[in-house]
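Enquirer: Just so it is clear, I am handing over target_21.json, which has JSON, C-alpha atoms (C1' of nucleotides).
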```json
[["chain", "number", "residue", "atom", "x", "y", "z"],
["A", 1, "MET", "CA", -337.85, 69.72, -73.50],
["A", 2, "ALA", "CA", -334.23, 68.74, -73.95],
["A", 3, "ARG", "CA", -331.25, 69.17, -71.72],
["A", 4, "ALA", "CA", -330.05, 72.68, -70.92],
["A", 5, "ALA", "CA", -327.56, 74.08, -73.39],
["A", 6, "THR", "CA", -323.91, 73.48, -72.66],
["A", 7, "THR", "CA", -323.56, 77.24, -72.90],
["A", 8, "SER", "CA", -326.20, 77.92, -70.28],
["A", 9, "ASP", "CA", -323.74, 77.96, -67.40],
["A", 10, "ALA", "CA", -320.41, 76.67, -66.10],
["A", 11, "PHE", "CA", -322.03, 73.55, -64.69],
["A", 12, "ASN", "CA", -323.16, 72.42, -68.10],
["A", 13, "ALA", "CA", -319.99, 73.53, -69.82],
["A", 14, "VAL", "CA", -317.68, 71.51, -67.60],
["A", 15, "ALA", "CA", -319.82, 68.40, -67.74],
["A", 16, "GLU", "CA", -317.92, 67.52, -70.90],
["A", 17, "PRO", "CA", -314.61, 65.79, -70.02],
["A", 18, "ARG", "CA", -312.74, 67.25, -72.98],
["A", 19, "ARG", "CA", -313.58, 70.73, -71.87],
["A", 20, "ARG", "CA", -312.27, 69.97, -68.42],
["A", 21, "GLU", "CA", -309.07, 68.72, -70.00],
["A", 22, "ILE", "CA", -308.72, 71.96, -71.89],
["A", 23, "LEU", "CA", -309.24, 73.95, -68.71],
["A", 24, "ASN", "CA", -306.70, 71.82, -66.88],
["A", 25, "PHE", "CA", -304.20, 72.42, -69.62],
["A", 26, "LEU", "CA", -304.79, 76.16, -69.68],
["A", 27, "ALA", "CA", -304.57, 76.33, -65.92],
["A", 28, "LEU", "CA", -301.06, 74.92, -66.05],
["A", 29, "HIS", "CA", -299.83, 76.71, -69.12],
["A", 30, "ALA", "CA", -301.43, 80.14, -69.00],
["A", 31, "GLU", "CA", -302.10, 81.77, -72.34],
["A", 32, "ARG", "CA", -301.84, 79.30, -75.21],
["A", 33, "PRO", "CA", -302.78, 79.10, -78.88],
["A", 34, "VAL", "CA", -305.30, 76.57, -80.14],
["A", 35, "GLY", "CA", -302.62, 74.58, -81.91],
["A", 36, "GLU", "CA", -300.83, 73.76, -78.70],
["A", 37, "ILE", "CA", -304.00, 72.52, -77.09],
["A", 38, "VAL", "CA", -304.64, 70.35, -80.12],
["A", 39, "GLU", "CA", -301.17, 68.88, -79.92],
["A", 40, "ALA", "CA", -301.04, 68.51, -76.16],
["A", 41, "LEU", "CA", -304.40, 66.81, -75.82],
["A", 42, "GLY", "CA", -304.42, 64.90, -79.08],
["A", 43, "MET", "CA", -307.78, 66.19, -80.16],
["A", 44, "GLU", "CA", -308.97, 67.32, -83.58],
["A", 45, "GLN", "CA", -308.54, 71.02, -84.25],
["A", 46, "PRO", "CA", -312.22, 71.66, -85.06],
["A", 47, "SER", "CA", -313.19, 69.86, -81.91],
["A", 48, "VAL", "CA", -310.91, 72.06, -79.81],
["A", 49, "SER", "CA", -312.23, 75.20, -81.48],
["A", 50, "LYS", "CA", -315.79, 74.15, -80.79],
["A", 51, "HIS", "CA", -315.11, 73.34, -77.17],
["A", 52, "LEU", "CA", -313.27, 76.63, -76.74],
["A", 53, "ARG", "CA", -316.28, 78.43, -78.12],
["A", 54, "VAL", "CA", -318.48, 76.90, -75.45],
["A", 55, "LEU", "CA", -315.98, 77.78, -72.74],
["A", 56, "LEU", "CA", -315.76, 81.29, -74.11],
["A", 57, "GLU", "CA", -319.52, 81.76, -74.10],
["A", 58, "VAL", "CA", -319.83, 80.86, -70.44],
["A", 59, "GLY", "CA", -316.80, 82.96, -69.57],
["A", 60, "LEU", "CA", -314.55, 80.12, -68.49],
["A", 61, "VAL", "CA", -311.89, 81.32, -70.90],
["A", 62, "ASN", "CA", -310.92, 84.54, -72.62],
["A", 63, "SER", "CA", -309.11, 84.98, -75.89],
["A", 64, "ARG", "CA", -307.14, 87.46, -77.88],
["A", 65, "ARG", "CA", -305.69, 87.28, -81.34],
["A", 66, "GLU", "CA", -301.99, 87.60, -81.86],
["A", 67, "GLY", "CA", -301.15, 87.45, -85.51],
["A", 68, "ARG", "CA", -302.42, 84.23, -86.99],
["A", 69, "LYS", "CA", -302.80, 82.68, -83.60],
["A", 70, "VAL", "CA", -305.59, 83.07, -81.10],
["A", 71, "LEU", "CA", -304.45, 82.82, -77.53],
["A", 72, "TYR", "CA", -306.75, 81.43, -74.87],
["A", 73, "ARG", "CA", -306.48, 81.67, -71.13],
["A", 74, "ILE", "CA", -308.72, 80.54, -68.32],
["A", 75, "ASP", "CA", -310.83, 82.92, -66.30],
["A", 76, "PRO", "CA", -310.85, 81.07, -63.00],
["A", 77, "GLN", "CA", -313.50, 83.37, -61.57],
["A", 78, "ALA", "CA", -316.04, 81.59, -63.73],
["A", 79, "ILE", "CA", -315.36, 78.33, -61.93],
["A", 80, "ARG", "CA", -316.00, 79.91, -58.60],
["A", 81, "PRO", "CA", -319.78, 79.36, -58.47],
["A", 82, "LEU", "CA", -319.13, 75.71, -59.09],
["A", 83, "TRP", "CA", -316.59, 75.53, -56.30],
["A", 84, "GLU", "CA", -318.87, 77.40, -53.96],
["A", 85, "TRP", "CA", -321.73, 75.05, -54.59],
["A", 86, "THR", "CA", -319.65, 71.93, -54.07],
["A", 87, "ALA", "CA", -317.99, 73.47, -51.01],
["A", 88, "THR", "CA", -321.36, 73.66, -49.25],
["A", 89, "PHE", "CA", -321.23, 69.86, -49.10],
["A", 90, "GLU", "CA", -317.72, 69.70, -47.75],
["A", 91, "LYS", "CA", -318.83, 69.82, -44.14],
["A", 92, "TYR", "CA", -320.94, 66.72, -44.65],
["A", 93, "TRP", "CA", -318.16, 64.49, -45.82],
["A", 94, "ARG", "CA", -315.82, 65.95, -43.23],
["A", 95, "HIS", "CA", -318.45, 64.95, -40.70],
["A", 96, "GLN", "CA", -318.53, 61.45, -42.13],
["A", 97, "LEU", "CA", -314.76, 61.16, -41.92],
["A", 98, "VAL", "CA", -314.74, 62.23, -38.30],
["A", 99, "LYS", "CA", -317.30, 59.56, -37.51],
["A", 100, "VAL", "CA", -315.31, 56.92, -39.35],
["A", 101, "LYS", "CA", -312.19, 57.94, -37.47],
["A", 102, "GLU", "CA", -313.94, 57.85, -34.12],
["A", 103, "ARG", "CA", -315.26, 54.40, -34.84],
["A", 104, "ALA", "CA", -311.82, 53.20, -35.83],
["A", 105, "GLU", "CA", -310.30, 54.57, -32.64],
["A", 106, "GLY", "CA", -313.04, 53.04, -30.54],
["A", 107, "GLU", "CA", -312.33, 49.62, -32.02],
["A", 108, "GLY", "CA", -308.53, 49.91, -31.79],
["B", 1, "MET", "CA", -322.12, 61.35, -81.01],
["B", 2, "ALA", "CA", -324.41, 62.96, -78.46],
["B", 3, "ARG", "CA", -323.62, 64.39, -75.08],
["B", 4, "ALA", "CA", -322.43, 62.04, -72.38],
["B", 5, "ALA", "CA", -325.15, 60.41, -70.33],
["B", 6, "THR", "CA", -326.29, 62.29, -67.26],
["B", 7, "THR", "CA", -325.57, 59.08, -65.41],
["B", 8, "SER", "CA", -321.98, 58.90, -66.59],
["B", 9, "ASP", "CA", -320.62, 60.84, -63.63],
["B", 10, "ALA", "CA", -321.37, 63.44, -60.99],
["B", 11, "PHE", "CA", -320.36, 66.27, -63.31],
["B", 12, "ASN", "CA", -323.08, 65.41, -65.76],
["B", 13, "ALA", "CA", -325.62, 64.62, -63.08],
["B", 14, "VAL", "CA", -325.35, 67.99, -61.35],
["B", 15, "ALA", "CA", -325.42, 69.96, -64.59],
["B", 16, "GLU", "CA", -329.20, 69.86, -64.27],
["B", 17, "PRO", "CA", -330.43, 72.65, -61.95],
["B", 18, "ARG", "CA", -333.35, 70.64, -60.61],
["B", 19, "ARG", "CA", -331.02, 67.93, -59.47],
["B", 20, "ARG", "CA", -328.89, 70.46, -57.66],
["B", 21, "GLU", "CA", -332.02, 71.75, -55.96],
["B", 22, "ILE", "CA", -332.83, 68.26, -54.81],
["B", 23, "LEU", "CA", -329.33, 67.82, -53.44],
["B", 24, "ASN", "CA", -329.54, 71.17, -51.67],
["B", 25, "PHE", "CA", -332.78, 70.15, -50.09],
["B", 26, "LEU", "CA", -331.49, 66.77, -48.97],
["B", 27, "ALA", "CA", -328.35, 68.36, -47.59],
["B", 28, "LEU", "CA", -330.44, 70.48, -45.27],
["B", 29, "HIS", "CA", -333.08, 67.95, -44.36],
["B", 30, "ALA", "CA", -331.27, 64.64, -44.19],
["B", 31, "GLU", "CA", -333.33, 61.58, -45.01],
["B", 32, "ARG", "CA", -336.59, 62.49, -46.73],
["B", 33, "PRO", "CA", -339.35, 60.76, -48.71],
["B", 34, "VAL", "CA", -340.02, 61.63, -52.32],
["B", 35, "GLY", "CA", -343.28, 63.32, -51.45],
["B", 36, "GLU", "CA", -341.60, 65.94, -49.33],
["B", 37, "ILE", "CA", -339.19, 66.80, -52.09],
["B", 38, "VAL", "CA", -342.10, 67.13, -54.48],
["B", 39, "GLU", "CA", -343.90, 69.45, -52.13],
["B", 40, "ALA", "CA", -340.89, 71.47, -51.06],
["B", 41, "LEU", "CA", -339.58, 72.10, -54.56],
["B", 42, "GLY", "CA", -342.89, 72.31, -56.36],
["B", 43, "MET", "CA", -341.93, 69.76, -58.98],
["B", 44, "GLU", "CA", -343.98, 66.96, -60.52],
["B", 45, "GLN", "CA", -343.65, 63.65, -58.75],
["B", 46, "PRO", "CA", -342.52, 61.67, -61.83],
["B", 47, "SER", "CA", -339.95, 64.35, -62.49],
["B", 48, "VAL", "CA", -338.54, 64.03, -58.98],
["B", 49, "SER", "CA", -338.45, 60.25, -59.22],
["B", 50, "LYS", "CA", -336.59, 60.44, -62.51],
["B", 51, "HIS", "CA", -334.07, 62.92, -61.20],
["B", 52, "LEU", "CA", -333.55, 60.84, -58.08],
["B", 53, "ARG", "CA", -332.85, 57.84, -60.26],
["B", 54, "VAL", "CA", -330.07, 59.70, -62.00],
["B", 55, "LEU", "CA", -328.63, 60.86, -58.69],
["B", 56, "LEU", "CA", -328.86, 57.32, -57.38],
["B", 57, "GLU", "CA", -327.05, 55.87, -60.36],
["B", 58, "VAL", "CA", -324.08, 58.16, -59.93],
["B", 59, "GLY", "CA", -324.07, 57.61, -56.17],
["B", 60, "LEU", "CA", -324.99, 61.14, -55.17],
["B", 61, "VAL", "CA", -327.87, 59.82, -53.11],
["B", 62, "ASN", "CA", -328.81, 56.61, -51.38],
["B", 63, "SER", "CA", -332.26, 55.29, -50.62],
["B", 64, "ARG", "CA", -334.11, 52.84, -48.44],
["B", 65, "ARG", "CA", -337.73, 51.89, -48.33],
["B", 66, "GLU", "CA", -339.73, 52.40, -45.20],
["B", 67, "GLY", "CA", -343.23, 51.16, -45.65],
["B", 68, "ARG", "CA", -344.84, 52.88, -48.58],
["B", 69, "LYS", "CA", -342.28, 55.59, -48.58],
["B", 70, "VAL", "CA", -338.81, 55.59, -50.01],
["B", 71, "LEU", "CA", -336.38, 57.73, -48.09],
["B", 72, "TYR", "CA", -333.49, 59.43, -49.86],
["B", 73, "ARG", "CA", -330.37, 60.96, -48.41],
["B", 74, "ILE", "CA", -327.33, 62.53, -49.99],
["B", 75, "ASP", "CA", -323.99, 60.80, -50.13],
["B", 76, "PRO", "CA", -321.72, 63.82, -49.98],
["B", 77, "GLN", "CA", -318.65, 61.75, -50.82],
["B", 78, "ALA", "CA", -319.87, 61.57, -54.38],
["B", 79, "ILE", "CA", -319.60, 65.33, -54.71],
["B", 80, "ARG", "CA", -316.04, 65.28, -53.58],
["B", 81, "PRO", "CA", -314.41, 64.71, -56.99],
["B", 82, "LEU", "CA", -316.30, 67.72, -58.22],
["B", 83, "TRP", "CA", -315.10, 69.83, -55.33],
["B", 84, "GLU", "CA", -311.56, 68.63, -55.76],
["B", 85, "TRP", "CA", -311.51, 69.52, -59.41],
["B", 86, "THR", "CA", -312.90, 73.00, -58.86],
["B", 87, "ALA", "CA", -310.59, 73.51, -55.89],
["B", 88, "THR", "CA", -307.55, 73.16, -58.14],
["B", 89, "PHE", "CA", -308.57, 76.49, -59.66],
["B", 90, "GLU", "CA", -309.02, 78.23, -56.36],
["B", 91, "LYS", "CA", -305.42, 79.41, -56.19],
["B", 92, "TYR", "CA", -305.82, 81.19, -59.48],
["B", 93, "TRP", "CA", -308.70, 83.37, -58.44],
["B", 94, "ARG", "CA", -307.09, 83.93, -55.06],
["B", 95, "HIS", "CA", -304.06, 85.13, -57.03],
["B", 96, "GLN", "CA", -306.26, 87.45, -59.04],
["B", 97, "LEU", "CA", -307.81, 88.87, -55.89],
["B", 98, "VAL", "CA", -304.41, 89.56, -54.37],
["B", 99, "LYS", "CA", -303.38, 91.44, -57.48],
["B", 100, "VAL", "CA", -306.58, 93.47, -57.48],
["B", 101, "LYS", "CA", -306.06, 94.29, -53.85],
["B", 102, "GLU", "CA", -302.45, 95.32, -54.40],
["B", 103, "ARG", "CA", -303.49, 97.56, -57.23],
["B", 104, "ALA", "CA", -306.20, 99.15, -55.10],
["B", 105, "GLU", "CA", -303.75, 99.80, -52.30],
["B", 106, "GLY", "CA", -301.20, 101.25, -54.67],
["B", 107, "GLU", "CA", -303.78, 103.70, -55.98],
["B", 108, "GLY", "CA", -305.20, 104.58, -52.56],
["C", 1, "DT", "C1'", -302.17, 88.82, -105.20],
["C", 2, "DT", "C1'", -300.81, 84.27, -103.95],
["C", 3, "DG", "C1'", -299.72, 80.62, -100.92],
["C", 4, "DA", "C1'", -299.18, 78.80, -96.44],
["C", 5, "DC", "C1'", -300.43, 78.68, -91.86],
["C", 6, "DA", "C1'", -303.96, 79.03, -87.94],
["C", 7, "DT", "C1'", -308.47, 78.89, -86.45],
["C", 8, "DA", "C1'", -313.53, 78.90, -86.98],
["C", 9, "DT", "C1'", -317.75, 77.36, -88.98],
["C", 10, "DT", "C1'", -321.05, 74.47, -91.39],
["C", 11, "DC", "C1'", -323.33, 70.26, -92.54],
["C", 12, "DC", "C1'", -324.37, 65.72, -91.26],
["C", 13, "DT", "C1'", -325.73, 61.77, -88.21],
["C", 14, "DA", "C1'", -326.52, 59.27, -84.04],
["C", 15, "DT", "C1'", -327.79, 59.74, -79.45],
["C", 16, "DA", "C1'", -329.80, 61.27, -75.37],
["C", 17, "DA", "C1'", -332.32, 63.90, -72.41],
["C", 18, "DA", "C1'", -336.38, 66.64, -69.93],
["C", 19, "DG", "C1'", -341.06, 67.35, -69.26],
["C", 20, "DG", "C1'", -345.96, 65.90, -69.58],
["C", 21, "DA", "C1'", -349.39, 62.43, -69.44],
["C", 22, "DA", "C1'", -350.65, 58.06, -68.46],
["C", 23, "DT", "C1'", -349.88, 53.94, -66.25],
["C", 24, "DA", "C1'", -347.45, 50.36, -63.58],
["C", 25, "DT", "C1'", -345.62, 48.70, -59.19],
["C", 26, "DA", "C1'", -345.30, 48.38, -54.22],
["C", 27, "DT", "C1'", -347.12, 48.66, -49.55],
["C", 28, "DT", "C1'", -350.46, 48.99, -45.98],
["C", 29, "DG", "C1'", -355.08, 48.71, -43.73],
["C", 30, "DG", "C1'", -359.60, 46.63, -43.64],
["D", 1, "DC", "C1'", -358.73, 40.53, -52.16],
["D", 2, "DC", "C1'", -359.71, 45.67, -52.58],
["D", 3, "DA", "C1'", -358.96, 50.54, -52.07],
["D", 4, "DA", "C1'", -355.86, 54.09, -51.05],
["D", 5, "DT", "C1'", -351.38, 55.93, -50.72],
["D", 6, "DA", "C1'", -346.51, 56.47, -52.41],
["D", 7, "DT", "C1'", -343.29, 55.96, -55.86],
["D", 8, "DA", "C1'", -341.45, 54.32, -60.35],
["D", 9, "DT", "C1'", -341.68, 53.57, -65.21],
["D", 10, "DT", "C1'", -343.06, 54.06, -70.00],
["D", 11, "DC", "C1'", -344.26, 56.53, -74.12],
["D", 12, "DC", "C1'", -344.04, 60.65, -76.70],
["D", 13, "DT", "C1'", -342.13, 65.01, -78.54],
["D", 14, "DT", "C1'", -338.81, 68.61, -78.82],
["D", 15, "DT", "C1'", -334.28, 70.03, -78.62],
["D", 16, "DA", "C1'", -329.45, 69.91, -78.26],
["D", 17, "DT", "C1'", -325.62, 68.07, -78.53],
["D", 18, "DA", "C1'", -320.40, 65.79, -80.01],
["D", 19, "DG", "C1'", -317.67, 64.15, -83.48],
["D", 20, "DG", "C1'", -316.16, 63.71, -88.39],
["D", 21, "DA", "C1'", -315.47, 65.70, -92.81],
["D", 22, "DA", "C1'", -315.25, 69.46, -95.52],
["D", 23, "DT", "C1'", -314.85, 74.16, -96.04],
["D", 24, "DA", "C1'", -314.68, 79.06, -94.79],
["D", 25, "DT", "C1'", -312.32, 82.93, -92.65],
["D", 26, "DG", "C1'", -308.38, 85.44, -91.10],
["D", 27, "DT", "C1'", -303.44, 86.71, -91.12],
["D", 28, "DC", "C1'", -298.88, 87.06, -92.58],
["D", 29, "DA", "C1'", -294.84, 86.93, -95.87],
["D", 30, "DA", "C1'", -293.01, 87.55, -100.37]]
```
Rewrite the structure of this file - the entire thing - as C-alpha cells.
Expert:
Amino acid sequence: MARAATTSDAFNAVAEPRRREILNFLALHAERPVGEIVEALGMEQPSVSKHLRVLLEVGLVNSRREGRKVLYRIDPQAIRPLWEWTATFEKYWRHQLVKVKERAEGEG
Amino acid sequence: MARAATTSDAFNAVAEPRRREILNFLALHAERPVGEIVEALGMEQPSVSKHLRVLLEVGLVNSRREGRKVLYRIDPQAIRPLWEWTATFEKYWRHQLVKVKERAEGEG
DNA sequence: TTGACATATTCCTATAAAGGAATATATTGG
DNA sequence: CCAATATATTCCTTTATAGGAATATGTCAA
C-alpha cells in the first residue's frame, strides 16, 4: 500500500509546502486568478493549476470562472479540522511553558 | 519528483492517520511502551515501530529505553508550528460565522 | 473564424511510502 | 550461554505522487 492520496483530506493536502503557500496567498488576497498566484509565488502555471485542483478536491478552496480567468478563494472552514486537532495539544505545551517559567522563577 | 518525505516536517508526518492516532494515544497516556500502543490501537507491531520512527525523526515524540521496553512520549512543542499555521486561518472562519449569525438574526 | 490570452490536462520519470512477512537486535532471567 | 520477551529493521510489492514539457480546452475580441 502506498501513502494516502493528497486528495484524501486536508491533512494530506496541506502537507505540500507549495499548497500552503497558495493558501497563505489566498488568505491575504481574497479571490484571485491563477495568473496572479503564478506571478506572486514564482511557480509554473501548470504546477499552480495542479495544486489548486488538489485544494479544490478537498474543499480548501472554491473557484468560479469570470471570463477567461478562474478566480480562486480559500474556504477556511476546511482548515478547521486541522486546527481542532492541533489545538487538542495546545494544553500540553502550555503546561510545559508554565513548568519552565516556574523553574526559572525558582532559580532567580 | 515524488512527494516530500514523511520525515521532512511535522506536516508530512501527521498526514498519516495512524500516526495521528498514536499521537492521540500518547497525549492521553503519557509515557508508554510500544506494546501498549500496539494493543490499544490494534496495529501490527512493526507498523507501530515504523510510525514511531517517523514521529521520532521529526521530533513529535521522544523515547527512552527502560529494560526491554522502550517508552515513548509526545513532544507537543513539535505540533506547535502546525497549530500556528492553522490558527492564522481561524479569523476567517470566525468572520464567516459572524456573517452567518448576522444574516440569521436579520431574517428572524 | 481566427488569434491571443488564461487555465487545465496529459504524458513522462524519479522517488517514496505503507503494509505484510520475515528476521535482526537488545535486554533480562536462569 | 540460552530462552523468552520487546522492539527495530529489512525486503518486497503496490500505489501515488511532484515537476517538467507539451498540449488541450475555454473565452473573448475583431
Enquirer: Rank nothing, just name the residue among D:DT27, D:DT15, D:DT10, D:DT5 nearest to DT7 (chain C), using all atoms listed in the file.
Expert: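 Checking each candidate against DT7 (chain C), we get D:DT27 as the closest.
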Enquirer: Could you please select, counting all atoms listed in the file, the residues of chain B within 9 Å of chain C and state them as a PyMOL selection string?
Expert: chain B and resi 1-6+47+67-69
Enquirer: Taking into account only C-alpha atoms (C1' of nucleotides), which residue in the set D:DC1, D:DA18, D:DT7, D:DA24 is nearest to chain A?
Expert: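 Looking at the shortest contact to chain A, the residue is D:DA18.
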Enquirer: Please provide chain B as a tab-separated table (two decimals) with C-alpha atoms, in the coordinates of the input, once it has been superposed on chain A by least squares across all sequentially paired Cα atoms.
Expert:
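Now in out.tsv:
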```
chain	number	residue	atom	x	y	z
B	1	MET	CA	-337.70	69.50	-73.52
B	2	ALA	CA	-334.06	68.58	-74.01
B	3	ARG	CA	-331.13	69.07	-71.72
B	4	ALA	CA	-330.03	72.59	-70.94
B	5	ALA	CA	-327.55	74.09	-73.37
B	6	THR	CA	-323.90	73.49	-72.61
B	7	THR	CA	-323.56	77.25	-72.87
B	8	SER	CA	-326.20	77.92	-70.24
B	9	ASP	CA	-323.73	77.96	-67.37
B	10	ALA	CA	-320.41	76.68	-66.09
B	11	PHE	CA	-322.02	73.55	-64.67
B	12	ASN	CA	-323.15	72.42	-68.08
B	13	ALA	CA	-319.97	73.53	-69.79
B	14	VAL	CA	-317.66	71.49	-67.58
B	15	ALA	CA	-319.82	68.38	-67.72
B	16	GLU	CA	-317.91	67.51	-70.88
B	17	PRO	CA	-314.59	65.79	-70.02
B	18	ARG	CA	-312.74	67.24	-72.99
B	19	ARG	CA	-313.57	70.72	-71.87
B	20	ARG	CA	-312.25	69.97	-68.42
B	21	GLU	CA	-309.05	68.71	-70.01
B	22	ILE	CA	-308.71	71.95	-71.89
B	23	LEU	CA	-309.22	73.94	-68.71
B	24	ASN	CA	-306.67	71.79	-66.90
B	25	PHE	CA	-304.18	72.42	-69.63
B	26	LEU	CA	-304.77	76.16	-69.69
B	27	ALA	CA	-304.52	76.31	-65.92
B	28	LEU	CA	-301.02	74.92	-66.09
B	29	HIS	CA	-299.80	76.70	-69.17
B	30	ALA	CA	-301.41	80.12	-69.04
B	31	GLU	CA	-302.07	81.77	-72.37
B	32	ARG	CA	-301.83	79.30	-75.25
B	33	PRO	CA	-302.79	79.11	-78.93
B	34	VAL	CA	-305.32	76.60	-80.18
B	35	GLY	CA	-302.65	74.60	-81.95
B	36	GLU	CA	-300.84	73.78	-78.75
B	37	ILE	CA	-304.01	72.54	-77.14
B	38	VAL	CA	-304.66	70.37	-80.16
B	39	GLU	CA	-301.21	68.90	-79.98
B	40	ALA	CA	-301.05	68.52	-76.23
B	41	LEU	CA	-304.42	66.83	-75.86
B	42	GLY	CA	-304.43	64.91	-79.11
B	43	MET	CA	-307.81	66.22	-80.18
B	44	GLU	CA	-309.02	67.34	-83.61
B	45	GLN	CA	-308.61	71.02	-84.26
B	46	PRO	CA	-312.29	71.69	-85.07
B	47	SER	CA	-313.22	69.87	-81.91
B	48	VAL	CA	-310.95	72.08	-79.82
B	49	SER	CA	-312.27	75.22	-81.47
B	50	LYS	CA	-315.84	74.16	-80.78
B	51	HIS	CA	-315.13	73.35	-77.16
B	52	LEU	CA	-313.30	76.64	-76.72
B	53	ARG	CA	-316.32	78.44	-78.08
B	54	VAL	CA	-318.49	76.90	-75.42
B	55	LEU	CA	-315.98	77.78	-72.71
B	56	LEU	CA	-315.78	81.30	-74.08
B	57	GLU	CA	-319.53	81.76	-74.05
B	58	VAL	CA	-319.82	80.85	-70.40
B	59	GLY	CA	-316.78	82.97	-69.53
B	60	LEU	CA	-314.52	80.13	-68.46
B	61	VAL	CA	-311.87	81.32	-70.89
B	62	ASN	CA	-310.90	84.54	-72.59
B	63	SER	CA	-309.11	84.99	-75.87
B	64	ARG	CA	-307.14	87.50	-77.88
B	65	ARG	CA	-305.72	87.30	-81.34
B	66	GLU	CA	-302.03	87.66	-81.89
B	67	GLY	CA	-301.22	87.50	-85.54
B	68	ARG	CA	-302.51	84.29	-87.02
B	69	LYS	CA	-302.86	82.73	-83.65
B	70	VAL	CA	-305.61	83.11	-81.12
B	71	LEU	CA	-304.44	82.83	-77.56
B	72	TYR	CA	-306.74	81.44	-74.88
B	73	ARG	CA	-306.44	81.67	-71.13
B	74	ILE	CA	-308.68	80.53	-68.32
B	75	ASP	CA	-310.77	82.91	-66.29
B	76	PRO	CA	-310.78	81.06	-62.99
B	77	GLN	CA	-313.44	83.34	-61.54
B	78	ALA	CA	-315.98	81.59	-63.70
B	79	ILE	CA	-315.31	78.32	-61.91
B	80	ARG	CA	-315.93	79.89	-58.58
B	81	PRO	CA	-319.72	79.36	-58.45
B	82	LEU	CA	-319.07	75.71	-59.09
B	83	TRP	CA	-316.54	75.52	-56.30
B	84	GLU	CA	-318.81	77.38	-53.94
B	85	TRP	CA	-321.68	75.04	-54.58
B	86	THR	CA	-319.60	71.92	-54.07
B	87	ALA	CA	-317.95	73.45	-51.02
B	88	THR	CA	-321.31	73.64	-49.25
B	89	PHE	CA	-321.20	69.85	-49.10
B	90	GLU	CA	-317.70	69.68	-47.75
B	91	LYS	CA	-318.81	69.79	-44.12
B	92	TYR	CA	-320.92	66.72	-44.65
B	93	TRP	CA	-318.14	64.48	-45.83
B	94	ARG	CA	-315.82	65.95	-43.23
B	95	HIS	CA	-318.49	64.94	-40.70
B	96	GLN	CA	-318.56	61.45	-42.14
B	97	LEU	CA	-314.79	61.17	-41.91
B	98	VAL	CA	-314.80	62.23	-38.28
B	99	LYS	CA	-317.37	59.57	-37.49
B	100	VAL	CA	-315.37	56.91	-39.31
B	101	LYS	CA	-312.28	57.95	-37.45
B	102	GLU	CA	-314.05	57.88	-34.09
B	103	ARG	CA	-315.36	54.43	-34.82
B	104	ALA	CA	-311.89	53.22	-35.80
B	105	GLU	CA	-310.41	54.60	-32.61
B	106	GLY	CA	-313.13	53.07	-30.51
B	107	GLU	CA	-312.41	49.66	-32.01
B	108	GLY	CA	-308.62	50.00	-31.82
```
Enquirer: Measuring atom to atom with only C-alpha atoms, identify which of B:Glu90, B:Glu36, B:Glu44, B:Glu31 is nearest to chain A.
Expert: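 The answer is B:Glu90, which sits nearest to chain A.
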Enquirer: Once you count only C-alpha atoms (C1' of nucleotides), which residues of chain D turn out to be within 10 Å of chain B? Could you give them as a list of chain:residue names?
Expert: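 Taking only C-alpha atoms (C1' of nucleotides) into account, D:DT5, D:DA6, D:DT7, D:DA8, D:DT9, D:DA16, D:DT17, D:DA18, D:DG19, D:DG20 sit within 10 Å of chain B.
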Enquirer: Put the listed atoms of region 67-78 of chain B in a box along x, y and z with 4 Å added on every side and give me the centre and edge lengths in Å to one decimal, as lines of an AutoDock Vina configuration file.
Expert:
```
center_x = -331.7
center_y = 57.5
center_z = -50.0
size_x = 34.2
size_y = 20.7
size_z = 16.7
```
Enquirer: Provide the CA of Ala10 (chain A) to CA of Phe25 (chain B) distance in Å, to one decimal place.
Expert: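 Distance between the two atoms: 21.3 Å.
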Enquirer: What is the CA of Gly59 (chain A) to CA of Arg19 (chain A) distance in Å?
Expert: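 We find that CA of Gly59 (chain A) and CA of Arg19 (chain A) lie 12.9 Å from each other.
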Enquirer: Report as a list in words the set of chain A residues whose atoms approach chain B to within 6 Å, with distances computed over all atoms listed in the file.
Expert: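 Every residue meeting the condition is included here: Phe11, Asn12, Ala15, Pro76, Gln77, Trp83, Thr86 and Trp93 of chain A.
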Enquirer: Kindly write region 16-24 of chain A with N, CA and C atoms to a file, as a PDB file, in the first residue's frame.
Expert:
```pdb
ATOM      1  N   GLU A  16       1.986  19.470   1.527  1.00  0.00           N
ATOM      2  CA  GLU A  16       2.830  20.010   0.470  1.00  0.00           C
ATOM      3  C   GLU A  16       3.037  21.525   0.683  1.00  0.00           C
ATOM      4  N   PRO A  17       4.295  21.945   0.833  1.00  0.00           N
ATOM      5  CA  PRO A  17       4.598  23.340   1.156  1.00  0.00           C
ATOM      6  C   PRO A  17       4.050  24.341   0.133  1.00  0.00           C
ATOM      7  N   ARG A  18       4.097  23.977  -1.124  1.00  0.00           N
ATOM      8  CA  ARG A  18       3.590  24.881  -2.167  1.00  0.00           C
ATOM      9  C   ARG A  18       2.117  25.148  -1.978  1.00  0.00           C
ATOM     10  N   ARG A  19       1.408  24.114  -1.585  1.00  0.00           N
ATOM     11  CA  ARG A  19      -0.030  24.300  -1.398  1.00  0.00           C
ATOM     12  C   ARG A  19      -0.309  25.192  -0.195  1.00  0.00           C
ATOM     13  N   ARG A  20       0.537  25.088   0.800  1.00  0.00           N
ATOM     14  CA  ARG A  20       0.372  26.002   1.934  1.00  0.00           C
ATOM     15  C   ARG A  20       0.672  27.433   1.508  1.00  0.00           C
ATOM     16  N   GLU A  21       1.650  27.603   0.656  1.00  0.00           N
ATOM     17  CA  GLU A  21       1.958  28.942   0.150  1.00  0.00           C
ATOM     18  C   GLU A  21       0.765  29.531  -0.595  1.00  0.00           C
ATOM     19  N   ILE A  22       0.149  28.691  -1.392  1.00  0.00           N
ATOM     20  CA  ILE A  22      -1.015  29.154  -2.154  1.00  0.00           C
ATOM     21  C   ILE A  22      -2.135  29.563  -1.202  1.00  0.00           C
ATOM     22  N   LEU A  23      -2.345  28.764  -0.171  1.00  0.00           N
ATOM     23  CA  LEU A  23      -3.390  29.101   0.797  1.00  0.00           C
ATOM     24  C   LEU A  23      -3.050  30.384   1.549  1.00  0.00           C
ATOM     25  N   ASN A  24      -1.790  30.537   1.895  1.00  0.00           N
ATOM     26  CA  ASN A  24      -1.374  31.776   2.563  1.00  0.00           C
ATOM     27  C   ASN A  24      -1.663  32.984   1.683  1.00  0.00           C
TER      28      ASN A  24
END
```
